[in-house]
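start_6.pdb (PDB, C-alpha atoms) appears below.
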```
ATOM      1  CA  MET A   1      29.024 -14.424 -21.373  1.00  0.00           C
ATOM      2  CA  PHE A   2      30.506 -12.544 -24.321  1.00  0.00           C
ATOM      3  CA  LYS A   3      27.366 -13.264 -26.368  1.00  0.00           C
ATOM      4  CA  LYS A   4      25.144 -11.810 -23.610  1.00  0.00           C
ATOM      5  CA  ALA A   5      27.310  -8.701 -23.437  1.00  0.00           C
ATOM      6  CA  VAL A   6      27.046  -8.198 -27.203  1.00  0.00           C
ATOM      7  CA  ILE A   7      23.268  -8.696 -27.096  1.00  0.00           C
ATOM      8  CA  ALA A   8      22.961  -6.284 -24.178  1.00  0.00           C
ATOM      9  CA  LEU A   9      25.017  -3.641 -26.000  1.00  0.00           C
ATOM     10  CA  ALA A  10      22.963  -4.133 -29.161  1.00  0.00           C
ATOM     11  CA  THR A  11      19.774  -3.765 -27.138  1.00  0.00           C
ATOM     12  CA  ILE A  12      21.001  -0.552 -25.566  1.00  0.00           C
ATOM     13  CA  ALA A  13      22.092   0.831 -28.916  1.00  0.00           C
ATOM     14  CA  ALA A  14      18.784  -0.132 -30.523  1.00  0.00           C
ATOM     15  CA  LEU A  15      16.913   1.666 -27.788  1.00  0.00           C
ATOM     16  CA  GLY A  16      19.040   4.740 -28.283  1.00  0.00           C
ATOM     17  CA  ALA A  17      19.780   4.835 -24.580  1.00  0.00           C
ATOM     18  CA  THR A  18      23.516   4.868 -24.120  1.00  0.00           C
ATOM     19  CA  SER A  19      23.238   6.805 -20.876  1.00  0.00           C
ATOM     20  CA  MET A  20      20.239   6.288 -18.687  1.00  0.00           C
ATOM     21  CA  SER A  21      19.564   6.003 -15.010  1.00  0.00           C
ATOM     22  CA  SER A  22      18.709   2.357 -14.437  1.00  0.00           C
ATOM     23  CA  ALA A  23      15.477   3.048 -12.587  1.00  0.00           C
ATOM     24  CA  TYR A  24      13.992   5.444 -15.123  1.00  0.00           C
ATOM     25  CA  ALA A  25      12.791   5.042 -18.668  1.00  0.00           C
ATOM     26  CA  VAL A  26      14.110   7.309 -21.383  1.00  0.00           C
ATOM     27  CA  ASN A  27      11.479   9.521 -22.913  1.00  0.00           C
ATOM     28  CA  LEU A  28      11.385   8.991 -26.663  1.00  0.00           C
ATOM     29  CA  GLY A  29       8.093  10.792 -27.261  1.00  0.00           C
ATOM     30  CA  SER A  30       7.405  14.291 -28.400  1.00  0.00           C
ATOM     31  CA  ALA A  31       4.310  16.431 -28.541  1.00  0.00           C
ATOM     32  CA  ARG A  32       3.563  15.002 -31.994  1.00  0.00           C
ATOM     33  CA  GLY A  33       4.536  11.439 -31.087  1.00  0.00           C
ATOM     34  CA  ALA A  34       2.548  11.167 -27.854  1.00  0.00           C
ATOM     35  CA  ALA A  35       0.340   8.139 -27.392  1.00  0.00           C
ATOM     36  CA  LYS A  36      -3.411   8.439 -27.949  1.00  0.00           C
ATOM     37  CA  ASP A  37      -4.006   8.766 -24.204  1.00  0.00           C
ATOM     38  CA  HIS A  38      -1.619  11.775 -24.217  1.00  0.00           C
ATOM     39  CA  ARG A  39       1.119   9.900 -22.396  1.00  0.00           C
ATOM     40  CA  GLN A  40       4.473   9.848 -24.096  1.00  0.00           C
ATOM     41  CA  THR A  41       5.984   6.533 -25.049  1.00  0.00           C
ATOM     42  CA  SER A  42       9.252   5.489 -23.504  1.00  0.00           C
ATOM     43  CA  VAL A  43      11.509   2.481 -23.461  1.00  0.00           C
ATOM     44  CA  ALA A  44      11.809   0.044 -20.597  1.00  0.00           C
ATOM     45  CA  PRO A  45      14.508   0.593 -17.980  1.00  0.00           C
ATOM     46  CA  ILE A  46      17.749  -1.013 -19.146  1.00  0.00           C
ATOM     47  CA  ALA A  47      17.828  -3.377 -16.163  1.00  0.00           C
ATOM     48  CA  PHE A  48      14.363  -4.635 -17.182  1.00  0.00           C
ATOM     49  CA  SER A  49      15.527  -5.140 -20.771  1.00  0.00           C
ATOM     50  CA  LEU A  50      18.529  -7.116 -19.539  1.00  0.00           C
ATOM     51  CA  TYR A  51      16.231  -9.226 -17.338  1.00  0.00           C
ATOM     52  CA  CYS A  52      14.134  -9.994 -20.421  1.00  0.00           C
ATOM     53  CA  LEU A  53      17.178 -11.288 -22.285  1.00  0.00           C
ATOM     54  CA  ASP A  54      17.356 -14.091 -19.696  1.00  0.00           C
ATOM     55  CA  HIS A  55      13.576 -14.560 -19.322  1.00  0.00           C
ATOM     56  CA  ILE A  56      12.209 -14.130 -22.848  1.00  0.00           C
ATOM     57  CA  ALA A  57       9.025 -16.130 -22.226  1.00  0.00           C
ATOM     58  CA  GLU A  58       8.015 -13.756 -19.416  1.00  0.00           C
ATOM     59  CA  CYS A  59       8.619 -10.649 -21.482  1.00  0.00           C
ATOM     60  CA  THR A  60       6.389 -11.312 -24.472  1.00  0.00           C
ATOM     61  CA  LYS A  61       2.947  -9.916 -25.065  1.00  0.00           C
ATOM     62  CA  SER A  62       0.101 -12.310 -24.287  1.00  0.00           C
ATOM     63  CA  SER A  63      -3.339 -12.427 -25.899  1.00  0.00           C
ATOM     64  CA  LYS A  64      -5.250 -11.064 -22.875  1.00  0.00           C
ATOM     65  CA  SER A  65      -4.375  -7.671 -21.406  1.00  0.00           C
ATOM     66  CA  GLN A  66      -6.511  -7.951 -18.287  1.00  0.00           C
ATOM     67  CA  VAL A  67      -7.913 -10.586 -15.975  1.00  0.00           C
ATOM     68  CA  ALA A  68     -11.432 -10.936 -14.552  1.00  0.00           C
ATOM     69  CA  TYR A  69     -11.416  -9.727 -10.953  1.00  0.00           C
ATOM     70  CA  THR A  70     -12.872 -12.573  -8.913  1.00  0.00           C
ATOM     71  CA  SER A  71     -12.461 -13.641  -5.303  1.00  0.00           C
ATOM     72  CA  LYS A  72     -10.062 -16.341  -6.538  1.00  0.00           C
ATOM     73  CA  ILE A  73      -7.877 -13.751  -8.328  1.00  0.00           C
ATOM     74  CA  ARG A  74      -8.042 -11.393  -5.332  1.00  0.00           C
ATOM     75  CA  GLY A  75      -6.854 -14.248  -3.100  1.00  0.00           C
ATOM     76  CA  LEU A  76      -4.069 -15.190  -5.521  1.00  0.00           C
ATOM     77  CA  LEU A  77      -2.785 -11.596  -5.706  1.00  0.00           C
ATOM     78  CA  ALA A  78      -2.827 -11.252  -1.908  1.00  0.00           C
ATOM     79  CA  SER A  79      -1.128 -14.617  -1.438  1.00  0.00           C
ATOM     80  CA  VAL A  80       1.652 -13.924  -3.936  1.00  0.00           C
ATOM     81  CA  ASN A  81       2.228 -10.417  -2.540  1.00  0.00           C
ATOM     82  CA  ARG A  82       2.462 -11.757   1.002  1.00  0.00           C
ATOM     83  CA  SER A  83       4.636 -14.803   0.231  1.00  0.00           C
ATOM     84  CA  VAL A  84       7.139 -12.937  -1.956  1.00  0.00           C
ATOM     85  CA  ASN A  85       7.373 -10.073   0.547  1.00  0.00           C
ATOM     86  CA  ARG A  86       8.308 -12.650   3.199  1.00  0.00           C
ATOM     87  CA  SER A  87      10.699 -14.656   0.999  1.00  0.00           C
ATOM     88  CA  ILE A  88      13.085 -11.844  -0.013  1.00  0.00           C
ATOM     89  CA  ARG A  89      15.209 -10.028   2.560  1.00  0.00           C
ATOM     90  CA  PRO A  90      15.326  -6.264   1.783  1.00  0.00           C
ATOM     91  CA  LEU A  91      18.695  -5.059   0.522  1.00  0.00           C
ATOM     92  CA  ASN A  92      19.739  -1.814  -1.166  1.00  0.00           C
ATOM     93  CA  GLU A  93      21.764  -3.087  -4.100  1.00  0.00           C
ATOM     94  CA  ARG A  94      24.898  -1.308  -5.286  1.00  0.00           C
ATOM     95  CA  ARG A  95      24.237  -2.404  -8.895  1.00  0.00           C
ATOM     96  CA  ASP A  96      20.749  -2.336 -10.356  1.00  0.00           C
ATOM     97  CA  VAL A  97      20.176  -5.923 -11.476  1.00  0.00           C
ATOM     98  CA  TRP A  98      16.580  -7.126 -11.736  1.00  0.00           C
ATOM     99  CA  SER A  99      16.539 -10.697 -10.425  1.00  0.00           C
ATOM    100  CA  LEU A 100      14.115 -13.568 -10.039  1.00  0.00           C
ATOM    101  CA  ASN A 101      13.731 -15.337  -6.669  1.00  0.00           C
ATOM    102  CA  PRO A 102      16.782 -13.848  -4.931  1.00  0.00           C
ATOM    103  CA  ALA A 103      17.419 -14.444  -1.224  1.00  0.00           C
ATOM    104  CA  SER A 104      17.765 -10.670  -0.827  1.00  0.00           C
ATOM    105  CA  GLY A 105      17.093  -7.735  -3.098  1.00  0.00           C
ATOM    106  CA  ASP A 106      15.398  -4.427  -3.684  1.00  0.00           C
ATOM    107  CA  CYS A 107      11.980  -3.417  -5.022  1.00  0.00           C
ATOM    108  CA  ASP A 108      12.562  -4.524  -8.620  1.00  0.00           C
ATOM    109  CA  ASP A 109      13.514  -8.022  -7.466  1.00  0.00           C
ATOM    110  CA  TYR A 110      10.232  -8.282  -5.555  1.00  0.00           C
ATOM    111  CA  VAL A 111       8.361  -7.073  -8.658  1.00  0.00           C
ATOM    112  CA  MET A 112       9.945  -9.563 -11.053  1.00  0.00           C
ATOM    113  CA  THR A 113       9.485 -12.454  -8.624  1.00  0.00           C
ATOM    114  CA  LYS A 114       5.796 -11.595  -8.070  1.00  0.00           C
ATOM    115  CA  ARG A 115       5.309 -11.187 -11.818  1.00  0.00           C
ATOM    116  CA  SER A 116       6.874 -14.588 -12.511  1.00  0.00           C
ATOM    117  CA  HIS A 117       4.789 -16.331  -9.830  1.00  0.00           C
ATOM    118  CA  LEU A 118       1.585 -14.815 -11.235  1.00  0.00           C
ATOM    119  CA  ILE A 119       2.467 -15.814 -14.812  1.00  0.00           C
ATOM    120  CA  ARG A 120       3.082 -19.383 -13.626  1.00  0.00           C
ATOM    121  CA  ALA A 121      -0.302 -19.259 -11.840  1.00  0.00           C
ATOM    122  CA  GLY A 122      -2.015 -18.440 -15.148  1.00  0.00           C
ATOM    123  CA  ILE A 123      -2.273 -14.647 -15.116  1.00  0.00           C
ATOM    124  CA  PRO A 124      -1.585 -13.322 -18.638  1.00  0.00           C
ATOM    125  CA  ALA A 125       1.758 -11.506 -18.866  1.00  0.00           C
ATOM    126  CA  SER A 126       0.070  -8.561 -20.598  1.00  0.00           C
ATOM    127  CA  ALA A 127      -2.133  -7.982 -17.537  1.00  0.00           C
ATOM    128  CA  LEU A 128       0.986  -7.553 -15.377  1.00  0.00           C
ATOM    129  CA  ARG A 129       2.507  -4.092 -15.632  1.00  0.00           C
ATOM    130  CA  VAL A 130       5.783  -3.068 -14.029  1.00  0.00           C
ATOM    131  CA  ALA A 131       5.658   0.543 -12.832  1.00  0.00           C
ATOM    132  CA  VAL A 132       8.443   2.940 -11.880  1.00  0.00           C
ATOM    133  CA  VAL A 133       7.132   5.394  -9.292  1.00  0.00           C
ATOM    134  CA  ARG A 134       8.172   8.091  -6.829  1.00  0.00           C
ATOM    135  CA  THR A 135       7.186   7.609  -3.211  1.00  0.00           C
ATOM    136  CA  PRO A 136       5.723  10.537  -1.234  1.00  0.00           C
ATOM    137  CA  ARG A 137       9.288  11.111   0.056  1.00  0.00           C
ATOM    138  CA  GLY A 138      10.536  11.409  -3.543  1.00  0.00           C
ATOM    139  CA  GLU A 139      12.375   8.076  -3.616  1.00  0.00           C
ATOM    140  CA  GLY A 140      12.480   5.936  -6.759  1.00  0.00           C
ATOM    141  CA  HIS A 141      10.568   2.674  -6.377  1.00  0.00           C
ATOM    142  CA  ALA A 142       9.120  -0.136  -8.519  1.00  0.00           C
ATOM    143  CA  ILE A 143       5.784  -1.908  -8.053  1.00  0.00           C
ATOM    144  CA  LEU A 144       3.707  -4.439  -9.955  1.00  0.00           C
ATOM    145  CA  LEU A 145       0.291  -3.458 -11.306  1.00  0.00           C
ATOM    146  CA  VAL A 146      -2.279  -6.078 -12.226  1.00  0.00           C
ATOM    147  CA  LYS A 147      -4.866  -4.888 -14.730  1.00  0.00           C
ATOM    148  CA  THR A 148      -8.256  -6.422 -13.914  1.00  0.00           C
ATOM    149  CA  SER A 149     -11.874  -5.951 -14.920  1.00  0.00           C
ATOM    150  CA  ALA A 150     -12.250  -3.916 -11.689  1.00  0.00           C
ATOM    151  CA  GLY A 151      -9.240  -1.672 -12.300  1.00  0.00           C
ATOM    152  CA  GLU A 152      -5.529  -1.836 -11.585  1.00  0.00           C
ATOM    153  CA  PHE A 153      -4.224  -3.258  -8.306  1.00  0.00           C
ATOM    154  CA  ALA A 154      -0.731  -2.692  -6.892  1.00  0.00           C
ATOM    155  CA  LEU A 155       1.497  -5.367  -5.397  1.00  0.00           C
ATOM    156  CA  ASP A 156       4.217  -3.657  -3.410  1.00  0.00           C
ATOM    157  CA  ASN A 157       6.998  -4.837  -1.117  1.00  0.00           C
ATOM    158  CA  LEU A 158       6.334  -1.805   1.114  1.00  0.00           C
ATOM    159  CA  ARG A 159       2.740  -2.942   1.815  1.00  0.00           C
ATOM    160  CA  LYS A 160       1.275  -6.058   3.364  1.00  0.00           C
ATOM    161  CA  THR A 161      -1.954  -5.745   1.359  1.00  0.00           C
ATOM    162  CA  ILE A 162      -2.800  -5.045  -2.265  1.00  0.00           C
ATOM    163  CA  VAL A 163      -4.425  -1.701  -3.038  1.00  0.00           C
ATOM    164  CA  ARG A 164      -5.869   0.055  -6.052  1.00  0.00           C
ATOM    165  CA  ARG A 165      -3.374   2.024  -8.126  1.00  0.00           C
ATOM    166  CA  SER A 166      -5.064   5.264  -7.079  1.00  0.00           C
ATOM    167  CA  GLN A 167      -4.560   4.392  -3.393  1.00  0.00           C
ATOM    168  CA  THR A 168      -0.783   3.906  -3.540  1.00  0.00           C
ATOM    169  CA  GLY A 169       0.091   7.546  -2.886  1.00  0.00           C
ATOM    170  CA  TYR A 170       2.826   7.264  -5.516  1.00  0.00           C
ATOM    171  CA  ARG A 171       3.587   9.495  -8.490  1.00  0.00           C
ATOM    172  CA  PHE A 172       3.858   7.249 -11.539  1.00  0.00           C
ATOM    173  CA  VAL A 173       6.922   7.941 -13.679  1.00  0.00           C
ATOM    174  CA  SER A 174       6.516   5.197 -16.289  1.00  0.00           C
ATOM    175  CA  VAL A 175       4.469   2.027 -16.680  1.00  0.00           C
ATOM    176  CA  ALA A 176       4.826  -0.985 -18.961  1.00  0.00           C
ATOM    177  CA  SER A 177       2.021  -1.475 -21.456  1.00  0.00           C
ATOM    178  CA  ALA A 178       0.339  -4.751 -22.458  1.00  0.00           C
ATOM    179  CA  ASP A 179       3.515  -5.294 -24.485  1.00  0.00           C
ATOM    180  CA  PRO A 180       6.154  -5.425 -21.719  1.00  0.00           C
ATOM    181  CA  THR A 181       8.785  -3.932 -24.031  1.00  0.00           C
ATOM    182  CA  ARG A 182       6.725  -0.771 -24.523  1.00  0.00           C
ATOM    183  CA  TRP A 183       6.364   1.680 -21.686  1.00  0.00           C
ATOM    184  CA  ALA A 184       4.440   4.916 -21.253  1.00  0.00           C
ATOM    185  CA  ALA A 185       5.696   7.957 -19.375  1.00  0.00           C
ATOM    186  CA  ASN A 186       3.026   9.359 -17.074  1.00  0.00           C
TER     187      ASN A 186
END
```
Output the structure of this file as structure tokens.
Amino acid sequence: MFKKAVIALATIAALGATSMSSAYAVNLGSARGAAKDHRQTSVAPIAFSLYCLDHIAECTKSSKSQVAYTSKIRGLLASVNRSVNRSIRPLNERRDVWSLNPASGDCDDYVMTKRSHLIRAGIPASALRVAVVRTPRGEGHAILLVKTSAGEFALDNLRKTIVRRSQTGYRFVSVASADPTRWAAN
């Protein structure tokens, strides 16, 4: 346990994020340092970084950054979204801990469980993008985006079906890139 605490503190220090809201990425970009697509780069939420310490294999960049959108993939995405939404009982957590396969949890737990199931089903990790968003009511929320040859699709614990990113109605705050440790502020 002590070793994990030291690693976590080193990670936080390395990211330069000693004080950060757990649901939001810290903006490290500037006008000069903005990414080519004019979005500023940011670091992953701390809770995501801590999750990655325990699940290193799921948090590494893969060779493919998107998946071909076929009826088989569409069915897999819908099936995973539906089954994970049913398997986790909604719970507003007091502490923001991103967990895998919990009995109960909040939006980030749904996201990480869906992401893990899809990786195990053969979807490249780099095609799976965690996104921190604001709902139309202004609430912080996390969803999973799957980058496909037909665009990005959102898997969300607040929806029974998958939808295109543009159809979510959310304002995107930050999104993981093909390298899960690198995020972009939107």
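Candidate residues A:Ser63, A:Ser166, A:Ser177, A:Ser71 were compared for distance to Leu128 of chain A, and the nearest is A:Ser177, using only C-alpha atoms.
Closest approach to Arg74 of chain A from the set A:Asp108, A:Glu152, A:Glu93, A:Glu139 is made by A:Glu152, with distances taken over all atoms listed in the file.
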Top pick for closest residue to Ser116 of chain A, considering A:His55, A:Arg137, A:Lys72, A:Lys160 and counting all atoms listed in the file: A:His55
So what does the PyMOL selection byres ((chain A and resi 80-87) around 12) actually pick up in this one, as number ranges by chain? A: 73-79, 88-90, 100-121, 123, 143-146, 153-163
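Between atom CA of Phe48 of chain A and atom CA of Arg134 of chain A there is a distance of 17.5 Å.
Across the model, the gap from atom CA of Val132 of chain A to atom CA of Ser174 of chain A is 5.3 Å.
The space separating atom CA of Gly151 of chain A from atom CA of Ser126 of chain A comes to 14.2 Å.
Residue nearest Pro180 of chain A within the list A:Lys147, A:Thr70, A:Asn92, A:Arg129: A:Arg129 [criterion: smallest interatomic distance, only C-alpha atoms].
Closest approach to Cys52 of chain A among A:Asn186, A:Ser149, A:Ser99, A:Ser65: A:Ser99, based on only C-alpha atoms.
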Have a look at A:Ile46, A:Ala125, A:Ala185, A:Ala131 and name the one nearest to Cys59 of chain A; count only C-alpha atoms. A:Ala125
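Residues having any atom no farther than 10 Å from (-0.5, 5.5, -3.8) (counting all atoms listed in the file) are Val133, Arg134, Thr135, Pro136, Ala154, Val163, Arg164, Arg165, Ser166, Gln167, Thr168, Gly169, Tyr170, Arg171 and Phe172 of chain A.
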